[in-house]
Amino acid sequence: MEKGTLVEFRLGSERRLATAERPEGKKHWIVTDDRGQAHTLHPRQITYEVGGTYKPADLAPFLKEIQPYLEPSNLEIAWEILVEDGETVDPAEMALLLFSAQTPVLSYAAHWLLSDDKLYFKLKGDRYEPRPKAQVMELKHQLDMETQREQEWQSFLTRVERVLAGQPVEWQSGDRPRLDALERFATFGDEATHRAPALETLLHLKRSETSQAAFQLLVELGLWSPHENIALRRSQIPIHFLPRVLEVAHHCLNSPPPDQNADRLDLTHLKVYTIDDESTLEIDDGLSLEYLADGVQRLWIHIADPTRWMQPGDELDLEARRRITTLYLPTGMISMFPTELATGPMSLVQGRVCSALSFSVILSPDGAIQDYNIYASLIKATYRLTYDDVDEMLQLGVQAESELEAIAQWAKRRQTWRQSQGAISIHMPESSIKVYDDEITIQVLNDSLARQLVAEMMILTGEVAARYGQAHHLPLPFRSQPQPELPSEEELLQLPSGPVRSCAIRRCMPRSELSITPARHASLGLDTYTQVTSPIRRYSDLLAHFQIKAHLRGAALPFAAEAMKELLLNISAAAYEAVLVERQTNRYWGLEFLRRNADEVWDALMLRWLREHENLGLVLLEDLGIEFPMRFTRPVTPGDRLELKVSHADPRQDIIQFQEMMYQEAQVKH
């Protein structure tokens, strides 16, 4: 190089022009750029040599002079000329082709265009080769897609920032993948798939790249509630019904399918009591008592018959199979069937003739089953009663409803009989948590006479159905429970009676199991048992109905043994997941209730140690019927009564900490 030679080099990714000043050592040159800054360059660092003799003051005018020629679309014309023959060019030849001259300014402009180009030409040695037509078409498509993505990204960010500023927006279909990514990340955290779009959004908004930050952003965008049910989102439980399922349900309502059991037994003359919580909409059981001529009393348990409205393998059946159970959450239920069917023709609605599966039972004086029959029937619910209604009627001894009193007496005999058969009774408080308009109410469910009555009749029905299945070798979803290893009588008597003792027994109880083989259910004290009393909200009960009804009418069973086995595996897994979601959701709202009532003092009972060496125990808040872990700061024993106040509650992080009031006051005095 000569002094004054104009060269191009890169400073990082920035293009710079400079004039050569003097050699430095054997190979390097000192150059001065257009900003008057000196640089030491090796020849390898020089990306283009313009040539000529220039001074630093000439560089700014030179750069200004090339600007009009830097039009990338010019290259497309040159490419179309050169691609046919595959001719290569250098910058000077490209200048001649584009601008009909090869001046330093025009040659440098051609170099600039070629070196920036990613579409039409590629560098091969010190010359540029035109890319094949197919490759250019593919690159153009990729660039168009990239441009579109960038535009969608910028539009998405604009909408996000507008919402965060309190302005209304209408989300576009192209926003959905990014919002979905945020939802997945907020739900599953580091285990989420396709996290990149979520992290990109959080990074752009200068927020931490955490699932908690994604959750908060979704709340601020108005897409999620501050109380969004993460447990439900993590599950595989469908929240909405598919359009085709709703269409089938609508068709059922308007054009009921023919009844496969056209010869139903007409029991509409019987007085039928349905007994449920006031909020229950799916009425799936009713009770009757019939006085026979010889003075014998016959119990009738009528179970709603949703199979009247469907066939095994149809859309309604497959959807119920997908859901397995109705989910009861504090914020509302997620039904196994479309609501208009579940609470309409499938339910035992008061005053309406309804299809049912009716279980006729005559008990011996001690409460054992003496005789039974099962019928596809028609009934008409006479009374829609709540548990409180029935408790009051039983307490007052309403003469006009002597049937109800008789059913209650049979329920007591059944309970006594089951206890004689080894049934294990566990009486732990249960609570019902409801959330309506962001108001949380918690009600402790008393183990009242009415609840015991209904429970005993449902257990009786389960025993009858299982006996029928066993006698006729039907593959039903039999439910069994292994015999637990309970603490000795001496150990139990050392514990205070009530919840503490029941908690010790509950801890020993193994999970129940589903199988097509009848087996003993230890805690119920029954040699065989299946659940059939909730076919609107439990798929295993629905399966039992399909099988029993088919057998009653002499038809082929819808589910052979192997098919039933496979279904039971799916039912067990899905039902366990549903229980977890219900449990976690109830716990969240229980914690939220305590957080909102942090000034309250709660009466509590120490139930048992969780990890005694860490002073971690389980306490029952008696006014709420809810159990929580607590770390103690003093010696305590199961059965101790405490007064507790919440010191810290974080429902989202599943954290609760209590302080003991009397102990704290004593500490302050000392």
# chains A, B, ... in the order shown; residues from 1 in each chain; ligands from 1
call {"tool": "residues_around", "arguments": {"residues": "segment 577-580 of chain A", "least_positions_apart": "3", "cutoff": "8 Å", "atoms": "only C-alpha atoms", "output": "list in words"}}
result
Ser235, Ile237, Thr325, Leu327, Ala573, Ala574, Arg583 and Gln584 of chain A
call {"tool": "residues_around", "arguments": {"residues": "Asp650 of chain A", "least_positions_apart": "6", "cutoff": "12 Å", "atoms": "only C-alpha atoms", "output": "PyMOL selection string"}}
result
chain A and resi 227+587-596+598+656-657
call {"tool": "closest_residue", "arguments": {"among": "A:Arg195, A:Gln45, A:Asp90, A:Ala134", "to": "Ser115 of chain A", "atoms": "only C-alpha atoms"}}
result
A:Asp90
call {"tool": "select_by_dssp", "arguments": {"residues": "segment 113-158 of chain A", "states": "alpha helix (DSSP H)", "output": "count of residues only"}}
result
30
call {"tool": "select_by_dssp", "arguments": {"residues": "segment 407-557 of chain A", "states": "strand (DSSP E or B)", "output": "PyMOL selection string"}}
result
chain A and resi 430-436+439-445+478-481+513-515+521+526+530+538
call {"tool": "residues_around", "arguments": {"residues": "Thr307 of chain A", "least_positions_apart": "5", "cutoff": "9 Å", "atoms": "only C-alpha atoms", "output": "PyMOL selection string"}}
result
chain A and resi 312+317+346+535+542+545-546+549
call {"tool": "write_last_selection", "arguments": {"atoms": "N, CA, C and O atoms", "output": "mmCIF file, in the first residue's frame"}}
result
data_model
loop_
_atom_site.group_PDB
_atom_site.id
_atom_site.type_symbol
_atom_site.label_atom_id
_atom_site.label_comp_id
_atom_site.auth_asym_id
_atom_site.auth_seq_id
_atom_site.Cartn_x
_atom_site.Cartn_y
_atom_site.Cartn_z
ATOM 1 N N PRO A 312 -72.551 -46.954 24.621
ATOM 2 C CA PRO A 312 -71.101 -47.154 24.801
ATOM 3 C C PRO A 312 -70.354 -46.828 23.505
ATOM 4 O O PRO A 312 -70.743 -47.289 22.436
ATOM 5 N N ASP A 317 -70.173 -40.830 25.697
ATOM 6 C CA ASP A 317 -69.415 -41.828 26.462
ATOM 7 C C ASP A 317 -67.917 -41.537 26.388
ATOM 8 O O ASP A 317 -67.220 -41.553 27.410
ATOM 9 N N MET A 346 -80.759 -36.154 32.729
ATOM 10 C CA MET A 346 -80.018 -37.223 33.407
ATOM 11 C C MET A 346 -80.305 -37.253 34.907
ATOM 12 O O MET A 346 -80.125 -38.277 35.559
ATOM 13 N N PRO A 535 -73.525 -42.157 38.665
ATOM 14 C CA PRO A 535 -73.134 -42.343 37.260
ATOM 15 C C PRO A 535 -73.066 -41.040 36.466
ATOM 16 O O PRO A 535 -72.472 -41.023 35.391
ATOM 17 N N LEU A 542 -70.723 -45.279 35.880
ATOM 18 C CA LEU A 542 -71.386 -45.347 34.572
ATOM 19 C C LEU A 542 -71.106 -46.692 33.898
ATOM 20 O O LEU A 542 -72.005 -47.311 33.312
ATOM 21 N N HIS A 545 -73.256 -49.318 35.334
ATOM 22 C CA HIS A 545 -74.628 -49.206 34.810
ATOM 23 C C HIS A 545 -74.733 -49.850 33.422
ATOM 24 O O HIS A 545 -75.691 -50.581 33.151
ATOM 25 N N PHE A 546 -73.793 -49.535 32.537
ATOM 26 C CA PHE A 546 -73.804 -50.129 31.187
ATOM 27 C C PHE A 546 -73.874 -51.659 31.279
ATOM 28 O O PHE A 546 -74.674 -52.301 30.591
ATOM 29 N N LYS A 549 -77.257 -53.011 33.170
ATOM 30 C CA LYS A 549 -78.462 -52.824 32.345
ATOM 31 C C LYS A 549 -78.472 -53.772 31.146
ATOM 32 O O LYS A 549 -79.522 -54.311 30.779
#
call {"tool": "atom_distance", "arguments": {"atom1": "atom CA of Leu270 of chain A", "atom2": "atom CA of Ser377 of chain A"}}
result
11.6 Å
call {"tool": "closest_atom_pairs", "arguments": {"of": "segment 342-412 of chain A", "to": "segment 459-476 of chain A", "cutoff": "9 Å", "atoms": "only C-alpha atoms", "output": "tab-separated table"}}
result
residue	atom	partner	partner_atom	distance
A:Phe359	CA	A:Thr461	CA	6.8
A:Val361	CA	A:Val464	CA	8.1
A:Ile369	CA	A:Val464	CA	8.1
A:Tyr372	CA	A:Val464	CA	7.0
A:Asn373	CA	A:Val464	CA	8.3
A:Ile374	CA	A:Ala465	CA	8.1
call {"tool": "write_last_selection", "arguments": {"atoms": "C-alpha atoms", "output": "JSON list (two decimals), in the first residue's frame"}}
result
[["chain", "number", "residue", "atom", "x", "y", "z"],
["A", 359, "PHE", "CA", -82.46, -51.25, 43.60],
["A", 361, "VAL", "CA", -83.75, -54.38, 48.97],
["A", 369, "ILE", "CA", -79.31, -58.18, 52.87],
["A", 372, "TYR", "CA", -82.75, -57.81, 46.38],
["A", 373, "ASN", "CA", -83.66, -57.01, 42.79],
["A", 374, "ILE", "CA", -82.50, -54.46, 40.24]]
call {"tool": "atom_distance", "arguments": {"atom1": "atom CA of Arg178 of chain A", "atom2": "atom CA of Val160 of chain A"}}
result
11.0 Å
call {"tool": "atom_distance", "arguments": {"atom1": "atom CA of Asp259 of chain A", "atom2": "atom CA of Ile516 of chain A"}}
result
27.5 Å
call {"tool": "closest_residue", "arguments": {"among": "A:Pro132, A:Gly189, A:Pro238, A:Pro226", "to": "Glu209 of chain A", "atoms": "only C-alpha atoms"}}
result
A:Gly189
call {"tool": "closest_residue", "arguments": {"among": "A:Asp541, A:Trp410, A:Gly86, A:Thr585", "to": "Gly332 of chain A", "atoms": "only C-alpha atoms"}}
result
A:Thr585
call {"tool": "residues_around", "arguments": {"residues": "Thr88 of chain A", "least_positions_apart": "6", "cutoff": "12 Å", "atoms": "only C-alpha atoms", "output": "list in words"}}
result
Ala78, Trp79, Ile81, Leu82, Met94, Leu114, Tyr120, Phe121, Lys122, Leu123, Lys124, Gly125, Asp126, Arg127, Tyr128, Glu129, Pro130 and Arg131 of chain A
call {"tool": "write_last_selection", "arguments": {"atoms": "N, CA and C atoms", "output": "short mmCIF file (atom, residue, chain, number, x, y, z; two decimals), in the first residue's frame"}}
result
data_model
loop_
_atom_site.label_atom_id
_atom_site.label_comp_id
_atom_site.auth_asym_id
_atom_site.auth_seq_id
_atom_site.Cartn_x
_atom_site.Cartn_y
_atom_site.Cartn_z
N ALA A 78 -28.81 -7.25 -11.75
CA ALA A 78 -27.51 -7.83 -12.12
C ALA A 78 -27.56 -9.35 -12.00
N TRP A 79 -28.22 -9.83 -10.93
CA TRP A 79 -28.31 -11.29 -10.72
C TRP A 79 -29.05 -11.95 -11.88
N ILE A 81 -29.18 -11.09 -14.90
CA ILE A 81 -28.30 -11.12 -16.08
C ILE A 81 -27.24 -12.21 -15.94
N LEU A 82 -26.66 -12.34 -14.72
CA LEU A 82 -25.51 -13.23 -14.53
C LEU A 82 -25.88 -14.68 -14.22
N MET A 94 -18.95 -5.43 -11.21
CA MET A 94 -20.34 -5.18 -10.85
C MET A 94 -20.67 -3.70 -11.03
N LEU A 114 -22.58 -5.82 -2.55
CA LEU A 114 -22.29 -7.26 -2.61
C LEU A 114 -21.97 -7.83 -1.22
N TYR A 120 -28.74 -12.73 -3.30
CA TYR A 120 -28.47 -13.02 -4.71
C TYR A 120 -27.06 -13.56 -4.99
N PHE A 121 -26.08 -13.14 -4.20
CA PHE A 121 -24.69 -13.52 -4.49
C PHE A 121 -24.02 -14.06 -3.24
N LYS A 122 -23.02 -14.95 -3.47
CA LYS A 122 -22.21 -15.43 -2.35
C LYS A 122 -20.73 -15.29 -2.74
N LEU A 123 -19.91 -14.97 -1.74
CA LEU A 123 -18.48 -14.74 -1.97
C LEU A 123 -17.77 -16.06 -2.17
N LYS A 124 -16.99 -16.12 -3.25
CA LYS A 124 -16.19 -17.32 -3.53
C LYS A 124 -14.78 -16.83 -3.87
N GLY A 125 -13.86 -16.94 -2.90
CA GLY A 125 -12.53 -16.35 -3.09
C GLY A 125 -12.66 -14.83 -3.00
N ASP A 126 -12.19 -14.15 -4.04
CA ASP A 126 -12.33 -12.69 -4.06
C ASP A 126 -13.37 -12.24 -5.09
N ARG A 127 -14.23 -13.20 -5.53
CA ARG A 127 -15.26 -12.87 -6.51
C ARG A 127 -16.64 -13.31 -5.98
N TYR A 128 -17.67 -12.79 -6.59
CA TYR A 128 -19.04 -13.09 -6.15
C TYR A 128 -19.76 -13.92 -7.20
N GLU A 129 -20.39 -15.00 -6.72
CA GLU A 129 -21.06 -15.94 -7.61
C GLU A 129 -22.58 -15.82 -7.43
N PRO A 130 -23.35 -15.76 -8.53
CA PRO A 130 -24.80 -15.67 -8.38
C PRO A 130 -25.37 -16.99 -7.86
N ARG A 131 -26.29 -16.89 -6.89
CA ARG A 131 -26.91 -18.10 -6.32
C ARG A 131 -27.90 -18.68 -7.33
#
call {"tool": "closest_residue", "arguments": {"among": "A:Glu340, A:Asp266, A:Glu401, A:Asp58", "to": "Val353 of chain A", "atoms": "only C-alpha atoms"}}
result
A:Asp266
